[in-house]
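Here's query_15.txt, which has compact mmCIF, C-alpha atoms and all ligand atoms:
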```txt
# COMPACT_ATOMS: atom_id res chain seq x y z
CA MET A 29 -67.41 -11.16 73.80
CA GLN A 30 -65.06 -9.27 76.10
CA SER A 31 -63.03 -6.52 74.49
CA VAL A 32 -59.69 -5.80 76.19
CA ARG A 33 -57.97 -2.53 75.33
CA ALA A 34 -54.19 -2.60 75.53
CA VAL A 35 -51.26 -0.37 74.68
CA ILE A 36 -47.79 -1.38 73.56
CA LEU A 37 -44.74 0.57 74.73
CA GLY A 38 -41.87 -0.05 72.30
CA PHE A 39 -42.49 -1.39 68.81
CA GLY A 40 -39.30 -3.22 67.92
CA THR A 41 -39.05 -6.97 67.38
CA VAL A 42 -41.04 -7.95 70.47
CA GLY A 43 -43.72 -5.23 70.30
CA GLN A 44 -44.41 -6.06 66.65
CA GLY A 45 -44.57 -9.74 67.56
CA ILE A 46 -47.41 -9.02 70.02
CA PHE A 47 -49.35 -7.22 67.29
CA ASN A 48 -48.76 -10.07 64.82
CA ILE A 49 -49.86 -12.73 67.30
CA ALA A 50 -53.00 -10.76 68.16
CA GLN A 51 -53.82 -10.76 64.42
CA GLN A 52 -52.89 -14.38 63.79
CA ARG A 53 -54.78 -15.70 66.83
CA ARG A 54 -57.77 -13.35 66.57
CA ALA A 55 -60.27 -16.07 65.63
CA GLU A 56 -59.00 -18.46 68.32
CA LEU A 57 -59.11 -15.76 70.97
CA ARG A 58 -62.72 -15.06 70.02
CA GLU A 59 -63.88 -18.65 69.72
CA GLN A 60 -61.96 -20.30 72.55
CA HIS A 61 -61.64 -17.46 75.03
CA GLN A 62 -64.42 -15.04 74.03
CA VAL A 63 -61.98 -12.17 74.12
CA GLU A 64 -60.81 -9.55 71.65
CA LEU A 65 -57.43 -7.86 72.11
CA VAL A 66 -57.68 -4.25 70.91
CA ILE A 67 -54.39 -2.36 70.54
CA ALA A 68 -55.34 1.23 71.35
CA LYS A 69 -51.97 3.00 71.06
CA VAL A 70 -48.32 2.19 70.42
CA LEU A 71 -45.48 4.24 71.88
CA VAL A 72 -42.26 4.59 69.86
CA THR A 73 -39.25 6.87 70.22
CA ASP A 74 -39.87 8.83 67.02
CA ALA A 75 -43.30 8.45 65.38
CA ALA A 76 -42.19 10.47 62.32
CA ARG A 77 -39.13 8.31 61.61
CA ALA A 78 -38.89 7.72 57.85
CA GLY A 79 -38.72 4.22 56.42
CA ARG A 80 -40.06 2.45 59.51
CA ALA A 81 -41.02 -1.15 58.70
CA LEU A 82 -44.46 -1.88 60.14
CA PRO A 83 -46.30 -5.18 60.35
CA GLU A 84 -48.94 -5.96 57.73
CA GLY A 85 -52.37 -4.74 58.79
CA PHE A 86 -51.01 -2.28 61.35
CA ASP A 87 -52.71 1.13 61.44
CA ALA A 88 -49.84 3.65 61.54
CA SER A 89 -52.12 6.26 63.14
CA LEU A 90 -51.81 4.25 66.39
CA LEU A 91 -48.16 5.30 66.66
CA THR A 92 -47.17 8.12 68.97
CA ASP A 93 -43.98 9.27 70.59
CA LYS A 94 -45.76 11.02 73.46
CA ILE A 95 -46.68 9.10 76.60
CA GLU A 96 -49.43 11.71 77.17
CA ASP A 97 -51.20 10.40 74.04
CA VAL A 98 -51.00 6.88 75.41
CA LEU A 99 -52.32 7.92 78.81
CA ALA A 100 -55.19 9.78 77.14
CA SER A 101 -56.14 6.99 74.74
CA GLY A 102 -59.26 5.91 76.63
CA PRO A 103 -59.60 3.13 79.19
CA ILE A 104 -56.57 0.82 79.19
CA ASP A 105 -56.74 -2.65 80.69
CA THR A 106 -53.20 -3.89 79.92
CA VAL A 107 -49.85 -2.38 79.10
CA PHE A 108 -47.39 -4.49 77.11
CA GLU A 109 -44.01 -2.97 77.87
CA CYS A 110 -41.20 -3.84 75.46
CA MET A 111 -38.87 -0.87 75.83
CA VAL A 112 -35.12 -0.84 76.41
CA GLY A 113 -33.64 0.20 79.76
CA ALA A 114 -35.07 1.06 83.15
CA GLN A 115 -36.12 4.60 82.22
CA PRO A 116 -38.37 6.04 80.96
CA ALA A 117 -40.00 2.59 80.84
CA TYR A 118 -40.64 2.38 84.58
CA ASP A 119 -42.08 5.90 84.84
CA HIS A 120 -44.38 5.23 81.87
CA VAL A 121 -45.66 1.94 83.25
CA ARG A 122 -46.11 3.43 86.72
CA ALA A 123 -48.15 6.31 85.30
CA LEU A 124 -50.33 3.87 83.35
CA VAL A 125 -50.97 1.72 86.41
CA GLN A 126 -51.71 4.77 88.55
CA GLN A 127 -54.09 6.36 86.03
CA HIS A 128 -55.74 3.30 84.53
CA GLY A 129 -55.29 0.54 87.12
CA CYS A 130 -54.03 -1.65 84.31
CA ALA A 131 -52.26 -5.00 84.34
CA VAL A 132 -48.63 -5.03 83.20
CA VAL A 133 -46.89 -7.49 80.91
CA THR A 134 -43.23 -6.72 80.40
CA ALA A 135 -40.23 -8.08 78.51
CA ASN A 136 -37.92 -5.39 79.92
CA LYS A 137 -35.46 -7.22 82.16
CA VAL A 138 -33.39 -4.14 83.02
CA MET A 139 -36.51 -2.31 84.23
CA PHE A 140 -37.86 -5.34 86.05
CA ALA A 141 -34.58 -6.31 87.77
CA LYS A 142 -34.47 -2.78 89.21
CA HIS A 143 -38.13 -1.96 89.82
CA GLY A 144 -39.96 -5.29 89.72
CA ALA A 145 -40.78 -5.42 93.44
CA ALA A 146 -42.12 -1.84 93.48
CA LEU A 147 -44.09 -2.41 90.29
CA ARG A 148 -45.73 -5.56 91.63
CA GLU A 149 -46.67 -3.70 94.80
CA LEU A 150 -48.16 -0.81 92.81
CA ALA A 151 -50.13 -3.10 90.50
CA GLY A 152 -51.19 -5.27 93.45
CA ALA A 153 -52.59 -2.19 95.22
CA ALA A 154 -54.75 -1.65 92.12
CA GLY A 155 -55.80 -5.31 92.22
CA ARG A 156 -53.82 -6.10 89.06
CA GLN A 157 -51.02 -8.47 88.10
CA VAL A 158 -47.58 -8.10 86.53
CA GLY A 159 -46.44 -10.69 83.99
CA TYR A 160 -42.71 -10.96 83.40
CA GLU A 161 -42.17 -14.36 81.84
CA ALA A 162 -40.66 -12.71 78.75
CA CYS A 163 -37.96 -10.99 80.82
CA VAL A 164 -36.01 -14.21 81.35
CA ALA A 165 -34.95 -16.86 78.81
CA GLY A 166 -37.38 -15.79 76.06
CA GLY A 167 -39.87 -18.56 75.38
CA VAL A 168 -38.62 -20.90 78.12
CA PRO A 169 -41.32 -20.96 80.83
CA VAL A 170 -38.94 -20.49 83.74
CA ILE A 171 -40.92 -17.85 85.65
CA LYS A 172 -44.16 -19.87 85.70
CA THR A 173 -42.21 -22.98 86.64
CA LEU A 174 -40.38 -21.31 89.53
CA GLN A 175 -43.61 -19.71 90.78
CA ASN A 176 -45.20 -23.13 90.84
CA MET A 177 -42.19 -24.92 92.32
CA LYS A 178 -41.97 -22.38 95.13
CA LEU A 179 -45.36 -23.49 96.42
CA VAL A 180 -43.73 -26.60 97.87
CA GLN A 181 -40.05 -26.84 96.92
CA HIS A 182 -37.10 -25.20 98.62
CA ILE A 183 -35.02 -23.89 95.74
CA THR A 184 -31.29 -23.98 96.40
CA LYS A 185 -29.73 -23.07 93.05
CA VAL A 186 -30.66 -21.72 89.62
CA GLU A 187 -28.07 -21.99 86.88
CA GLY A 188 -28.14 -21.71 83.14
CA ILE A 189 -27.62 -19.99 79.84
CA LEU A 190 -29.73 -16.83 79.94
CA ASN A 191 -28.63 -15.01 76.81
CA GLY A 192 -29.50 -16.25 73.34
CA THR A 193 -27.12 -13.95 71.47
CA THR A 194 -23.98 -15.13 73.27
CA ASN A 195 -24.95 -18.78 72.89
CA PHE A 196 -25.64 -18.17 69.19
CA ILE A 197 -22.21 -16.52 68.80
CA LEU A 198 -20.35 -19.24 70.72
CA THR A 199 -22.10 -21.95 68.72
CA SER A 200 -21.42 -20.20 65.43
CA MET A 201 -17.73 -19.65 66.28
CA ARG A 202 -17.40 -23.40 66.77
CA THR A 203 -19.43 -24.60 63.80
CA ASN A 204 -18.24 -21.94 61.28
CA PRO A 205 -14.55 -21.59 62.15
CA GLY A 206 -13.75 -19.02 59.43
CA LYS A 207 -16.69 -16.70 60.13
CA SER A 208 -15.88 -13.38 61.77
CA TYR A 209 -17.24 -12.27 65.13
CA GLU A 210 -18.72 -9.15 63.50
CA ALA A 211 -20.59 -11.18 60.85
CA THR A 212 -21.97 -13.52 63.52
CA LEU A 213 -23.11 -10.64 65.71
CA ALA A 214 -24.73 -8.95 62.68
CA GLU A 215 -26.62 -12.20 62.02
CA ALA A 216 -27.83 -12.30 65.65
CA GLN A 217 -29.05 -8.71 65.24
CA ALA A 218 -30.79 -9.47 61.94
CA LYS A 219 -32.56 -12.41 63.56
CA GLY A 220 -33.84 -10.10 66.32
CA TYR A 221 -31.83 -11.83 69.08
CA ALA A 222 -29.38 -9.11 70.10
CA GLU A 223 -30.18 -6.04 72.18
CA ALA A 224 -30.27 -2.59 70.54
CA ASP A 225 -26.84 -2.19 72.12
CA PRO A 226 -25.29 -5.67 71.82
CA TYR A 227 -22.66 -4.72 74.41
CA ASN A 228 -25.23 -5.77 77.01
CA ASP A 229 -25.38 -9.24 75.48
CA VAL A 230 -21.68 -9.94 75.04
CA SER A 231 -20.61 -8.29 78.31
CA GLY A 232 -22.97 -10.43 80.40
CA MET A 233 -25.06 -7.47 81.58
CA ASP A 234 -28.21 -8.79 79.90
CA ALA A 235 -27.76 -12.14 81.66
CA PHE A 236 -27.08 -10.22 84.90
CA SER A 237 -30.52 -8.54 84.85
CA LYS A 238 -32.18 -11.89 84.16
CA LEU A 239 -30.24 -13.59 86.95
CA MET A 240 -31.28 -10.90 89.44
CA ILE A 241 -34.93 -11.50 88.53
CA LEU A 242 -34.48 -15.25 89.02
CA SER A 243 -32.74 -14.69 92.38
CA GLU A 244 -35.58 -12.55 93.62
CA LEU A 245 -38.15 -15.11 92.57
CA ALA A 246 -36.26 -18.18 93.81
CA PHE A 247 -34.89 -16.77 97.07
CA GLY A 248 -37.02 -13.69 97.77
CA ALA A 249 -33.99 -11.40 97.39
CA GLN A 250 -31.25 -10.35 95.01
CA PRO A 251 -27.56 -10.50 95.92
CA ALA A 252 -25.79 -7.15 96.35
CA TRP A 253 -25.16 -6.15 92.72
CA PRO A 254 -21.51 -5.05 93.16
CA GLU A 255 -20.69 -8.47 94.67
CA VAL A 256 -21.72 -10.37 91.53
CA PRO A 257 -18.80 -11.07 89.18
CA VAL A 258 -19.89 -10.50 85.57
CA VAL A 259 -17.56 -11.75 82.85
CA GLY A 260 -18.63 -11.56 79.21
CA ILE A 261 -17.57 -13.54 76.17
CA GLN A 262 -15.32 -10.85 74.67
CA GLU A 263 -12.16 -12.75 75.61
CA ILE A 264 -13.27 -15.98 73.92
CA THR A 265 -11.29 -15.96 70.70
CA ALA A 266 -11.66 -18.23 67.65
CA ALA A 267 -8.36 -19.87 68.68
CA LYS A 268 -9.71 -20.65 72.18
CA VAL A 269 -12.90 -22.11 70.69
CA ALA A 270 -10.85 -24.30 68.31
CA GLU A 271 -8.62 -25.44 71.18
CA ALA A 272 -11.69 -26.38 73.24
CA SER A 273 -13.19 -28.30 70.29
CA ALA A 274 -9.97 -30.27 69.93
CA GLN A 275 -10.44 -31.33 73.60
CA GLN A 276 -14.15 -32.21 72.93
CA GLN A 277 -15.18 -29.23 75.06
CA ARG A 278 -17.49 -26.26 74.43
CA TYR A 279 -17.71 -22.75 75.84
CA ARG A 280 -20.96 -21.85 77.53
CA HIS A 281 -21.84 -18.49 79.09
CA VAL A 282 -23.25 -19.52 82.44
CA ALA A 283 -25.24 -17.49 84.96
CA SER A 284 -25.63 -18.98 88.41
CA THR A 285 -27.30 -17.99 91.67
CA GLU A 286 -27.20 -20.14 94.77
CA LEU A 287 -28.33 -19.99 98.37
CA VAL A 288 -25.40 -20.91 100.62
CA THR A 289 -24.92 -20.96 104.37
CA GLU A 290 -21.72 -19.31 105.60
CA GLY A 291 -21.00 -19.07 109.34
CA GLY A 292 -24.65 -19.83 110.10
CA GLN A 293 -25.81 -17.01 107.79
CA ARG A 294 -27.77 -17.60 104.59
CA LYS A 295 -26.31 -15.78 101.63
CA ILE A 296 -26.97 -15.59 97.90
CA VAL A 297 -23.88 -16.17 95.79
CA ALA A 298 -24.17 -15.36 92.10
CA SER A 299 -21.89 -15.10 89.08
CA ILE A 300 -21.90 -14.81 85.29
CA ARG A 301 -18.96 -16.16 83.35
CA PRO A 302 -17.87 -18.33 80.43
CA LEU A 303 -17.35 -21.99 81.34
CA LEU A 304 -15.73 -24.84 79.45
CA VAL A 305 -17.97 -27.88 79.58
CA ASP A 306 -17.64 -31.42 78.28
CA ALA A 307 -20.21 -33.82 76.87
CA GLN A 308 -21.29 -34.96 80.34
CA HIS A 309 -22.38 -31.45 81.32
CA ALA A 310 -26.12 -30.59 81.05
CA LEU A 311 -25.37 -27.37 79.10
CA TYR A 312 -23.07 -29.01 76.50
CA ALA A 313 -25.95 -29.75 74.11
CA VAL A 314 -27.63 -26.32 74.39
CA GLU A 315 -26.90 -24.79 70.99
CA ASP A 316 -27.64 -21.65 68.94
CA VAL A 317 -30.16 -19.18 70.40
CA HIS A 318 -31.39 -21.70 72.95
CA ASN A 319 -31.33 -20.96 76.65
CA ALA A 320 -31.44 -23.51 79.45
CA VAL A 321 -32.20 -23.14 83.13
CA ALA A 322 -31.40 -25.84 85.69
CA VAL A 323 -33.26 -25.45 88.99
CA SER A 324 -32.12 -27.41 92.07
CA THR A 325 -34.65 -28.09 94.81
CA ASP A 326 -34.83 -30.26 97.91
CA TYR A 327 -37.56 -32.62 96.70
CA LEU A 328 -36.81 -32.69 92.97
CA GLY A 329 -33.05 -32.64 92.61
CA VAL A 330 -32.34 -30.83 89.35
CA VAL A 331 -35.00 -29.87 86.79
CA THR A 332 -33.71 -28.43 83.50
CA LEU A 333 -35.80 -26.39 81.05
CA MET A 334 -34.52 -25.60 77.57
CA GLY A 335 -35.82 -23.68 74.56
CA PRO A 336 -35.52 -20.57 72.41
CA GLY A 337 -34.14 -17.72 74.52
CA ALA A 338 -34.72 -14.77 72.16
CA GLY A 339 -36.49 -13.70 68.99
CA MET A 340 -39.82 -12.20 68.00
CA TYR A 341 -42.26 -15.06 68.48
CA PRO A 342 -40.71 -16.91 71.43
CA THR A 343 -40.68 -13.67 73.42
CA ALA A 344 -43.92 -12.07 72.22
CA SER A 345 -45.93 -15.29 72.52
CA VAL A 346 -45.17 -15.69 76.23
CA MET A 347 -46.28 -12.07 76.75
CA VAL A 348 -49.60 -12.88 75.12
CA GLU A 349 -49.78 -15.98 77.34
CA ASP A 350 -49.27 -13.83 80.45
CA TRP A 351 -52.02 -11.49 79.28
CA LEU A 352 -54.46 -14.30 78.53
CA THR A 353 -53.77 -15.92 81.89
CA PHE A 354 -54.78 -12.64 83.54
CA VAL A 355 -57.93 -12.40 81.42
CA GLN A 356 -58.92 -15.92 82.49
CA GLN A 357 -58.14 -15.27 86.17
CA ASN A 358 -60.18 -12.07 86.10
CA LYS A 359 -63.12 -13.89 84.51
CA LEU A 360 -62.95 -16.49 87.27
CA LYS A 361 -62.83 -13.74 89.90
CA SER A 362 -65.84 -12.00 88.41
CA GLY A 363 -67.68 -15.34 88.02
CA SER A 364 -68.11 -14.87 84.26
CA ALA A 365 -65.91 -17.78 83.09
N1 LIG B 401 -30.74 -10.05 73.68
C1 LIG B 401 -31.43 -11.04 74.45
C2 LIG B 401 -30.79 -12.37 74.23
C3 LIG B 401 -32.89 -11.04 74.05
O1 LIG B 401 -30.03 -12.51 73.26
O2 LIG B 401 -31.01 -13.29 75.00
C4 LIG B 401 -33.76 -11.86 74.94
O3 LIG B 401 -33.81 -11.37 76.25
```
Write-out of the structure in structure tokens:
Amino acid sequence: MQSVRAVILGFGTVGQGIFNIAQQRRAELREQHQVELVIAKVLVTDAARAGRALPEGFDASLLTDKIEDVLASGPIDTVFECMVGAQPAYDHVRALVQQHGCAVVTANKVMFAKHGAALRELAGAAGRQVGYEACVAGGVPVIKTLQNMKLVQHITKVEGILNGTTNFILTSMRTNPGKSYEATLAEAQAKGYAEADPYNDVSGMDAFSKLMILSELAFGAQPAWPEVPVVGIQEITAAKVAEASAQQQRYRHVASTELVTEGGQRKIVASIRPLLVDAQHALYAVEDVHNAVAVSTDYLGVVTLMGPGAGMYPTASVMVEDWLTFVQQNKLKSGSA
């Protein structure tokens, strides 16, 4: 039995989901994969915060609010990073990789959009991997799919709904006409869909980070950030939604990145904005917290993936998948599979 020691940075919805899955799948991990996931330390903002709700079976003595405690918690094989914002998340992960040579699994799209390339280089120099499936579209396996497609396909466009909260709000505004925006947003927060600061969801900034990650993966580069128009859903009123419904149309918040050739030069053109779509459009049927990503390639035409784009288990489960993939790859490398 291989024992893998890991730390979790950030213990909100997603971090707690990782702990829960490790508990729920403990027997399967042992029997099918001969591996034990040991959570050695958990970093939170304030370890002494009163009234903190913790998962059943969690040992509260693992909590700390000092990264030094995490760094000193013995050998660490994997860091699960589920913090908010680029900093201090990036510095923490970098220190862990430098000191422990650990693999990284992250759900932090803001950090990864900004520092993903540098982080992969750093981890690669230590012979380790970085998993970031959870950064984009929650449980929808878009990163793995693009990585695989890129082996042969030429990807020309990636377009979709990348934020679960906004899709949940737009759906709810249509299906519950009398319900207030505030009540709907509060429900999205209670369900663990919305960001700590939901401005990032409704303004399109959350989708922006995800789109930059997809651009980098699909095209090997991100567009210049100031050149990307980002329009949120704040201007979509109940009256506009009702008007669209009367025309058999729906609002969707669409993020798009495309490789175009202008004057013989290849350029990435990206945008995030609300779109009115009708029943013929691929995104018309994507409801509630679901995300969808349509990938256009030369050999395939358009391939569309759809599924839950936010929430504890969709997001945390793909992080555990990333981790387990690394465990299996490392076993193969060491010949112990
Ligand atoms: N707040 C994000 C969303 C969480 O609603 O999509 C998943 O990245």
Using only C-alpha atoms and all ligand atoms, which protein or nucleic acid residues are at most 10 Å from ligand LIG 401 (chain B), as a PDB file with C-alpha atoms, keeping the file's coordinate frame?
```pdb
ATOM      1  CA  THR A  41     -39.050  -6.970  67.380  1.00  0.00           C
ATOM      2  CA  VAL A  42     -41.040  -7.950  70.470  1.00  0.00           C
ATOM      3  CA  ALA A 135     -40.230  -8.080  78.510  1.00  0.00           C
ATOM      4  CA  ASN A 136     -37.920  -5.390  79.920  1.00  0.00           C
ATOM      5  CA  LYS A 137     -35.460  -7.220  82.160  1.00  0.00           C
ATOM      6  CA  VAL A 138     -33.390  -4.140  83.020  1.00  0.00           C
ATOM      7  CA  ALA A 162     -40.660 -12.710  78.750  1.00  0.00           C
ATOM      8  CA  CYS A 163     -37.960 -10.990  80.820  1.00  0.00           C
ATOM      9  CA  VAL A 164     -36.010 -14.210  81.350  1.00  0.00           C
ATOM     10  CA  ALA A 165     -34.950 -16.860  78.810  1.00  0.00           C
ATOM     11  CA  GLY A 166     -37.380 -15.790  76.060  1.00  0.00           C
ATOM     12  CA  GLY A 167     -39.870 -18.560  75.380  1.00  0.00           C
ATOM     13  CA  ILE A 189     -27.620 -19.990  79.840  1.00  0.00           C
ATOM     14  CA  LEU A 190     -29.730 -16.830  79.940  1.00  0.00           C
ATOM     15  CA  ASN A 191     -28.630 -15.010  76.810  1.00  0.00           C
ATOM     16  CA  GLY A 192     -29.500 -16.250  73.340  1.00  0.00           C
ATOM     17  CA  THR A 193     -27.120 -13.950  71.470  1.00  0.00           C
ATOM     18  CA  THR A 194     -23.980 -15.130  73.270  1.00  0.00           C
ATOM     19  CA  ASN A 195     -24.950 -18.780  72.890  1.00  0.00           C
ATOM     20  CA  PHE A 196     -25.640 -18.170  69.190  1.00  0.00           C
ATOM     21  CA  ILE A 197     -22.210 -16.520  68.800  1.00  0.00           C
ATOM     22  CA  ALA A 216     -27.830 -12.300  65.650  1.00  0.00           C
ATOM     23  CA  GLN A 217     -29.050  -8.710  65.240  1.00  0.00           C
ATOM     24  CA  GLY A 220     -33.840 -10.100  66.320  1.00  0.00           C
ATOM     25  CA  TYR A 221     -31.830 -11.830  69.080  1.00  0.00           C
ATOM     26  CA  ALA A 222     -29.380  -9.110  70.100  1.00  0.00           C
ATOM     27  CA  GLU A 223     -30.180  -6.040  72.180  1.00  0.00           C
ATOM     28  CA  ALA A 224     -30.270  -2.590  70.540  1.00  0.00           C
ATOM     29  CA  ASP A 225     -26.840  -2.190  72.120  1.00  0.00           C
ATOM     30  CA  PRO A 226     -25.290  -5.670  71.820  1.00  0.00           C
ATOM     31  CA  TYR A 227     -22.660  -4.720  74.410  1.00  0.00           C
ATOM     32  CA  ASN A 228     -25.230  -5.770  77.010  1.00  0.00           C
ATOM     33  CA  ASP A 229     -25.380  -9.240  75.480  1.00  0.00           C
ATOM     34  CA  VAL A 230     -21.680  -9.940  75.040  1.00  0.00           C
ATOM     35  CA  ASP A 234     -28.210  -8.790  79.900  1.00  0.00           C
ATOM     36  CA  ALA A 235     -27.760 -12.140  81.660  1.00  0.00           C
ATOM     37  CA  SER A 237     -30.520  -8.540  84.850  1.00  0.00           C
ATOM     38  CA  LYS A 238     -32.180 -11.890  84.160  1.00  0.00           C
ATOM     39  CA  VAL A 317     -30.160 -19.180  70.400  1.00  0.00           C
ATOM     40  CA  HIS A 318     -31.390 -21.700  72.950  1.00  0.00           C
ATOM     41  CA  ASN A 319     -31.330 -20.960  76.650  1.00  0.00           C
ATOM     42  CA  PRO A 336     -35.520 -20.570  72.410  1.00  0.00           C
ATOM     43  CA  GLY A 337     -34.140 -17.720  74.520  1.00  0.00           C
ATOM     44  CA  ALA A 338     -34.720 -14.770  72.160  1.00  0.00           C
ATOM     45  CA  GLY A 339     -36.490 -13.700  68.990  1.00  0.00           C
ATOM     46  CA  MET A 340     -39.820 -12.200  68.000  1.00  0.00           C
ATOM     47  CA  PRO A 342     -40.710 -16.910  71.430  1.00  0.00           C
ATOM     48  CA  THR A 343     -40.680 -13.670  73.420  1.00  0.00           C
TER      49      THR A 343
END
```
Take CA of Val133 (chain A) and CA of Gly45 (chain A) and report the distance between them in Å, one decimal.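 Going from CA of Val133 (chain A) over to CA of Gly45 (chain A), I get 13.7 Å.
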Compile the contact shell of region 90-92 of chain A as a PyMOL selection string: residues with an atom at most 9 Å away, counting all atoms listed in the file, same-chain residues fewer than 4 positions apart removed. chain A and resi 67-76+86+97-98
Nearest to Arg156 (chain A): which of A:Asn204, A:Thr106, A:Thr285, A:Gln181 is it, counting all atoms listed in the file?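 Nearest candidate to Arg156 (chain A) out of A:Asn204, A:Thr106, A:Thr285, A:Gln181: A:Thr106.
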I need the residue nearest Asp316 (chain A) from this list: A:Arg122, A:Pro302, A:Met201, A:Gly363. Use only C-alpha atoms for the distance.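 That would be A:Met201, the residue with the smallest distance to Asp316 (chain A).
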Between CA of Val331 (chain A) and CA of Tyr279 (chain A), what is the spacing in Å? 21.7 Å
Between A:Lys178, A:Arg148, A:Lys219, A:Lys185, which is the closest to Val125 (chain A) once you count all atoms listed in the file? A:Arg148
Just checking: using all atoms listed in the file, which residue out of A:Asp350, A:Ala151, A:Lys142, A:Gly232 ends up closest to Gln115 (chain A)? A:Lys142
What separation in Å, quoted to one decimal, exists between CA of Val348 (chain A) and CA of Gln157 (chain A)?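 Computing it gives 13.8 Å between the two atoms.
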Nearby residues (all atoms listed in the file) at most 12 Å from region 267-273 of chain A, same-chain spacing under 2 positions excluded, as a PyMOL selection string: chain A and resi 197-206+261-265+275-280+302-307+312
Which polymer residues have any atom within 12 Å of an atom of Ala123 (chain A), counting all atoms listed in the file, with same-chain residues fewer than 3 positions away left out, as a PDB file with C-alpha atoms, keeping the file's coordinate frame?
```
ATOM      1  CA  ILE A  95     -46.680   9.100  76.600  1.00  0.00           C
ATOM      2  CA  GLU A  96     -49.430  11.710  77.170  1.00  0.00           C
ATOM      3  CA  VAL A  98     -51.000   6.880  75.410  1.00  0.00           C
ATOM      4  CA  LEU A  99     -52.320   7.920  78.810  1.00  0.00           C
ATOM      5  CA  ALA A 100     -55.190   9.780  77.140  1.00  0.00           C
ATOM      6  CA  ILE A 104     -56.570   0.820  79.190  1.00  0.00           C
ATOM      7  CA  VAL A 107     -49.850  -2.380  79.100  1.00  0.00           C
ATOM      8  CA  PRO A 116     -38.370   6.040  80.960  1.00  0.00           C
ATOM      9  CA  ALA A 117     -40.000   2.590  80.840  1.00  0.00           C
ATOM     10  CA  TYR A 118     -40.640   2.380  84.580  1.00  0.00           C
ATOM     11  CA  ASP A 119     -42.080   5.900  84.840  1.00  0.00           C
ATOM     12  CA  HIS A 120     -44.380   5.230  81.870  1.00  0.00           C
ATOM     13  CA  GLN A 126     -51.710   4.770  88.550  1.00  0.00           C
ATOM     14  CA  GLN A 127     -54.090   6.360  86.030  1.00  0.00           C
ATOM     15  CA  HIS A 128     -55.740   3.300  84.530  1.00  0.00           C
ATOM     16  CA  GLY A 129     -55.290   0.540  87.120  1.00  0.00           C
ATOM     17  CA  CYS A 130     -54.030  -1.650  84.310  1.00  0.00           C
ATOM     18  CA  VAL A 132     -48.630  -5.030  83.200  1.00  0.00           C
ATOM     19  CA  LEU A 147     -44.090  -2.410  90.290  1.00  0.00           C
ATOM     20  CA  LEU A 150     -48.160  -0.810  92.810  1.00  0.00           C
ATOM     21  CA  ALA A 151     -50.130  -3.100  90.500  1.00  0.00           C
TER      22      ALA A 151
END
```
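Closest approach to Thr289 (chain A) among A:Thr184, A:Val35, A:Thr353, A:His309: A:Thr184, based on only C-alpha atoms.
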Taking (-60.1, -6.4, 78.6) in the file's coordinates as the center, which residues reach within 7 Å of it, counting only C-alpha atoms, put as a ChimeraX atom specification? /A:30-33,105,355
Taking C-alpha atoms for each residue, export the selection above as a compact mmCIF listing (two decimals), in the frame of the given file.
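Writing the result to part-v6.txt gives the following:
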```txt
# COMPACT_ATOMS: atom_id res chain seq x y z
CA GLN A 30 -65.06 -9.27 76.10
CA SER A 31 -63.03 -6.52 74.49
CA VAL A 32 -59.69 -5.80 76.19
CA ARG A 33 -57.97 -2.53 75.33
CA ASP A 105 -56.74 -2.65 80.69
CA VAL A 355 -57.93 -12.40 81.42
```
Which neighbours of region 256-258 of chain A fall inside 9 Å, counting only C-alpha atoms, when residues of the same chain fewer than 5 positions from it are skipped, and could you give them as a VMD selection string? chain A and resid 231 to 233 235 to 236 251 283 297 to 301
Looking at A:Ile46, A:Leu245, A:Ala141, A:Val180, which one is nearest to Cys110 (chain A), with distances taken over all atoms listed in the file? A:Ile46
Distance query Glu64 (chain A) at most 12 Å, all atoms listed in the file, self and fewer than 4 positions along chain excluded, as an mmCIF file with C-alpha atoms, in the frame of the given file:
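What follows is the written file result12.cif:
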```cif
data_model
loop_
_atom_site.group_PDB
_atom_site.id
_atom_site.type_symbol
_atom_site.label_atom_id
_atom_site.label_comp_id
_atom_site.auth_asym_id
_atom_site.auth_seq_id
_atom_site.Cartn_x
_atom_site.Cartn_y
_atom_site.Cartn_z
ATOM 1 C CA MET A 29 -67.410 -11.160 73.800
ATOM 2 C CA GLN A 30 -65.060 -9.270 76.100
ATOM 3 C CA SER A 31 -63.030 -6.520 74.490
ATOM 4 C CA VAL A 32 -59.690 -5.800 76.190
ATOM 5 C CA ARG A 33 -57.970 -2.530 75.330
ATOM 6 C CA ALA A 34 -54.190 -2.600 75.530
ATOM 7 C CA ALA A 50 -53.000 -10.760 68.160
ATOM 8 C CA GLN A 51 -53.820 -10.760 64.420
ATOM 9 C CA ARG A 53 -54.780 -15.700 66.830
ATOM 10 C CA ARG A 54 -57.770 -13.350 66.570
ATOM 11 C CA ALA A 55 -60.270 -16.070 65.630
ATOM 12 C CA GLU A 56 -59.000 -18.460 68.320
ATOM 13 C CA LEU A 57 -59.110 -15.760 70.970
ATOM 14 C CA ARG A 58 -62.720 -15.060 70.020
ATOM 15 C CA GLU A 59 -63.880 -18.650 69.720
ATOM 16 C CA GLN A 60 -61.960 -20.300 72.550
ATOM 17 C CA TRP A 351 -52.020 -11.490 79.280
ATOM 18 C CA LEU A 352 -54.460 -14.300 78.530
ATOM 19 C CA VAL A 355 -57.930 -12.400 81.420
#
```
Emit as lines of an AutoDock Vina configuration file the padded axis-aligned box for all listed atoms of region 121-127 of chain A, 3 Å per side, with centre and edge lengths in Å to one decimal.
```
center_x = -49.9
center_y = 4.0
center_z = 85.9
size_x = 14.4
size_y = 10.6
size_z = 11.3
```
